[in-house]
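Source file: run.txt. Holds: compact mmCIF, C-alpha atoms.
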```txt
# COMPACT_ATOMS: atom_id res chain seq x y z
CA MET A 220 27.41 -21.32 4.12
CA ALA A 221 29.56 -19.57 1.57
CA VAL A 222 31.17 -16.16 1.33
CA ARG A 223 31.83 -14.88 -2.16
CA LEU A 224 34.61 -12.38 -2.72
CA GLY A 225 34.88 -10.34 -5.87
CA GLU A 226 37.72 -8.31 -7.27
CA VAL A 227 38.42 -4.75 -6.23
CA ARG A 228 39.14 -2.66 -9.30
CA ARG A 229 40.15 0.94 -9.75
CA GLU A 230 37.74 2.87 -11.93
CA VAL A 231 39.30 3.45 -15.35
CA GLU A 232 38.11 7.03 -15.95
CA ARG A 233 39.12 8.39 -12.56
CA SER A 234 41.32 7.54 -9.61
CA TRP A 235 39.83 9.77 -6.92
CA THR A 236 36.28 10.95 -6.28
CA LEU A 237 35.05 13.98 -4.37
CA LYS A 238 33.05 12.92 -1.31
CA PRO A 239 29.31 13.75 -1.52
CA GLU A 240 29.35 16.09 1.49
CA SER A 241 32.29 18.05 0.03
CA GLN A 242 30.55 18.28 -3.33
CA LYS A 243 27.38 19.64 -1.67
CA ALA A 244 29.43 22.23 0.21
CA LEU A 245 31.08 23.38 -3.04
CA LEU A 246 27.82 23.54 -4.94
CA SER A 247 26.07 25.48 -2.19
CA GLY A 248 28.91 27.99 -1.96
CA ARG A 249 29.85 27.07 1.61
CA ARG A 250 33.35 26.05 0.45
CA GLU A 251 35.76 27.06 -2.28
CA VAL A 252 37.83 24.72 -4.47
CA ALA A 253 41.02 26.13 -2.93
CA GLU A 254 39.81 24.93 0.49
CA LEU A 255 39.67 21.26 -0.51
CA THR A 256 42.10 18.88 1.20
CA ASP A 257 43.00 15.22 0.79
CA GLU A 258 40.23 14.40 3.29
CA ASP A 259 37.64 15.57 0.76
CA PHE A 260 38.48 12.76 -1.67
CA VAL A 261 38.08 8.99 -1.67
CA LEU A 262 39.80 6.39 -3.83
CA ALA A 263 37.49 5.42 -6.69
CA ILE A 264 37.32 1.62 -6.51
CA ARG A 265 34.53 -0.87 -7.14
CA GLN A 266 33.99 -4.45 -6.20
CA LYS A 267 33.21 -6.51 -9.28
CA GLY A 268 31.93 -10.03 -9.88
CA VAL A 269 30.31 -10.81 -6.54
CA ASP A 270 26.67 -10.61 -7.65
CA MET A 271 27.33 -12.89 -10.61
CA ARG A 272 29.10 -15.46 -8.44
CA ILE A 273 26.29 -15.45 -5.89
CA GLY A 274 23.66 -15.71 -8.63
CA LEU A 275 25.45 -18.73 -10.10
CA ASP A 276 25.61 -20.35 -6.66
CA ILE A 277 21.88 -19.82 -6.17
CA ALA A 278 21.12 -21.30 -9.60
CA SER A 279 23.41 -24.28 -9.05
CA LEU A 280 22.05 -25.08 -5.58
CA SER A 281 18.49 -24.76 -6.83
CA LEU A 282 18.83 -26.80 -10.01
CA LYS A 283 20.81 -29.58 -8.30
CA ARG A 284 18.30 -29.66 -5.41
CA GLN A 285 21.14 -29.22 -2.92
CA ALA A 286 19.21 -26.87 -0.63
CA ASP A 287 15.61 -26.47 0.45
CA THR A 288 16.16 -22.94 1.80
CA ILE A 289 18.56 -20.22 0.70
CA VAL A 290 19.19 -17.18 2.90
CA LEU A 291 20.75 -14.32 0.97
CA VAL A 292 22.40 -11.53 2.95
CA ALA A 293 22.10 -8.69 0.44
CA GLY A 294 19.36 -6.47 -0.81
CA ASP A 295 19.87 -5.11 -4.27
CA ALA A 296 17.65 -5.83 -7.25
CA ASP A 297 20.47 -7.69 -9.05
CA PHE A 298 19.22 -10.88 -7.37
CA VAL A 299 15.65 -10.84 -8.73
CA SER A 300 16.40 -13.40 -11.45
CA ALA A 301 18.20 -15.74 -9.06
CA ALA A 302 15.38 -15.49 -6.50
CA LYS A 303 12.78 -16.23 -9.17
CA LEU A 304 14.72 -19.27 -10.39
CA ALA A 305 15.16 -20.64 -6.88
CA ARG A 306 11.47 -20.30 -6.09
CA ARG A 307 10.46 -21.89 -9.41
CA GLU A 308 12.63 -24.85 -8.45
CA GLY A 309 10.85 -25.16 -5.08
CA VAL A 310 13.57 -23.59 -2.94
CA ARG A 311 12.45 -21.30 -0.10
CA PHE A 312 14.20 -17.96 -0.61
CA VAL A 313 14.76 -15.78 2.48
CA LEU A 314 16.38 -12.37 2.35
CA ASP A 315 18.36 -10.53 5.01
CA PRO A 316 18.89 -7.02 3.61
CA LEU A 317 20.96 -5.84 6.60
CA TRP A 318 18.21 -3.38 7.57
CA GLN A 319 18.24 -1.67 4.16
CA ASN A 320 15.14 -1.03 2.08
CA VAL A 321 14.30 -3.88 -0.29
CA PRO A 322 13.46 -2.93 -3.89
CA ALA A 323 9.83 -3.81 -4.71
CA ASP A 324 10.78 -6.13 -7.56
CA LEU A 325 13.04 -8.18 -5.26
CA ASN A 326 10.51 -8.16 -2.41
CA GLU A 327 7.99 -9.69 -4.82
CA HIS A 328 10.18 -12.77 -5.32
CA ILE A 329 11.16 -13.77 -1.78
CA ASP A 330 9.48 -16.08 0.72
CA GLY A 331 10.67 -14.34 3.87
CA LEU A 332 12.43 -11.28 5.20
CA THR A 333 14.54 -11.47 8.33
CA SER A 334 17.70 -10.17 9.92
CA GLY A 335 20.21 -12.18 11.87
CA PHE A 336 22.07 -9.04 12.86
CA PRO A 337 21.10 -6.33 15.35
CA LYS A 338 19.76 -3.12 13.85
CA PRO A 339 22.45 -0.41 13.83
CA ARG A 340 21.75 2.67 15.88
```
I need this file expressed as structure tokens, please.
Amino acid sequence: MAVRLGEVRREVERSWTLKPESQKALLSGRREVAELTDEDFVLAIRQKGVDMRIGLDIASLSLKRQADTIVLVAGDADFVSAAKLARREGVRFVLDPLWQNVPADLNEHIDGLTSGFPKPR
């Protein structure tokens, strides 16, 4: 088992972002710009590098024949190439998308779909 941590980076073009619900209220006319407070904004940060690190781990484990099954707890389409490589190398690839929808192109390249966590209410 491995946990991969990326780097949290501030977005270059902006520091703060208007929350989606506040933006909808402004656009629909239910709120005015003068009514916005600090609670209507969120710090604009992104996690970078995690998908690449996980993809490299999957490739390395597969090519070195160090695993017969890989369980990936994620669900975005960034892992299609890694899943395809693992399966080509004979590794069983199981996905736990944490109850999120799985993109069709990723779903096409997995051997199983499961969740080891209870479904949120």
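The smallest atom-to-atom distance between A:Glu258 and any of A:Ala296, A:Leu237, A:Ala302, A:Val313, using all atoms listed in the file, is found for A:Leu237.
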Exercise: A:Gly335 partners within 12 Å, all atoms listed in the file, chain neighbours under 4 positions left out, as a PyMOL selection string: chain A and resi 290-292+313-318
Exercise: A:Leu224 partners within 12 Å, all atoms listed in the file, chain neighbours under 2 positions left out, as a VMD selection string: chain A and resid 221 to 222 226 to 227 266 to 273
Atom CA of A:Ala293 to atom CA of A:Ser234, straight-line distance in Å: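 Atom CA of A:Ala293 lies 27.1 Å from atom CA of A:Ser234.
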Test item: which residues lie within 10 Å of (12.1, -14.6, -11.5) counting all atoms listed in the file, as a ChimeraX atom specification: /A:298-307,324-325,327-329
Export C-alpha atoms of the chosen residues as a CSV table (one decimal), in the coordinates of the input?
```
chain,number,residue,atom,x,y,z
A,298,PHE,CA,19.2,-10.9,-7.4
A,299,VAL,CA,15.6,-10.8,-8.7
A,300,SER,CA,16.4,-13.4,-11.4
A,301,ALA,CA,18.2,-15.7,-9.1
A,302,ALA,CA,15.4,-15.5,-6.5
A,303,LYS,CA,12.8,-16.2,-9.2
A,304,LEU,CA,14.7,-19.3,-10.4
A,305,ALA,CA,15.2,-20.6,-6.9
A,306,ARG,CA,11.5,-20.3,-6.1
A,307,ARG,CA,10.5,-21.9,-9.4
A,324,ASP,CA,10.8,-6.1,-7.6
A,325,LEU,CA,13.0,-8.2,-5.3
A,327,GLU,CA,8.0,-9.7,-4.8
A,328,HIS,CA,10.2,-12.8,-5.3
A,329,ILE,CA,11.2,-13.8,-1.8
```
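For the set A:Gly331, A:Arg233, A:Gly294, A:Leu282, the residue with the smallest atom-to-atom gap to A:Gly309 is A:Leu282, counting all atoms listed in the file.
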Contacts of A:Arg229 within 7 Å, all atoms listed in the file, excl. fewer than 5 positions in-chain, as number ranges by chain: A: 234, 263-265
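Atom CA of A:Asn320 lies 12.8 Å from atom CA of A:Lys338.
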Straight-line distance linking atom CA of A:Ser279 with atom CA of A:Met220, stated in Å to one decimal: 14.1 Å
For A:Glu308, the nearest of the candidates A:Thr333, A:Ser281, A:Thr288, A:Asn326, counting all atoms listed in the file: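 The shortest atom-to-atom distance to A:Glu308 comes from A:Ser281.
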Nearest to A:Ala244 by atom-to-atom distance, counting all atoms listed in the file, from A:Asp287, A:Glu232, A:Asp259, A:Asp297: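 Looking at the shortest contact to A:Ala244, the residue is A:Asp259.
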Close residues, A:Ala286 itself excluded, 9 Å, only C-alpha atoms, min 6 positions apart in chain, as a list of chain:residue names: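 Final neighbour list, sorted by chain and number: A:Leu280, A:Val310, A:Arg311.
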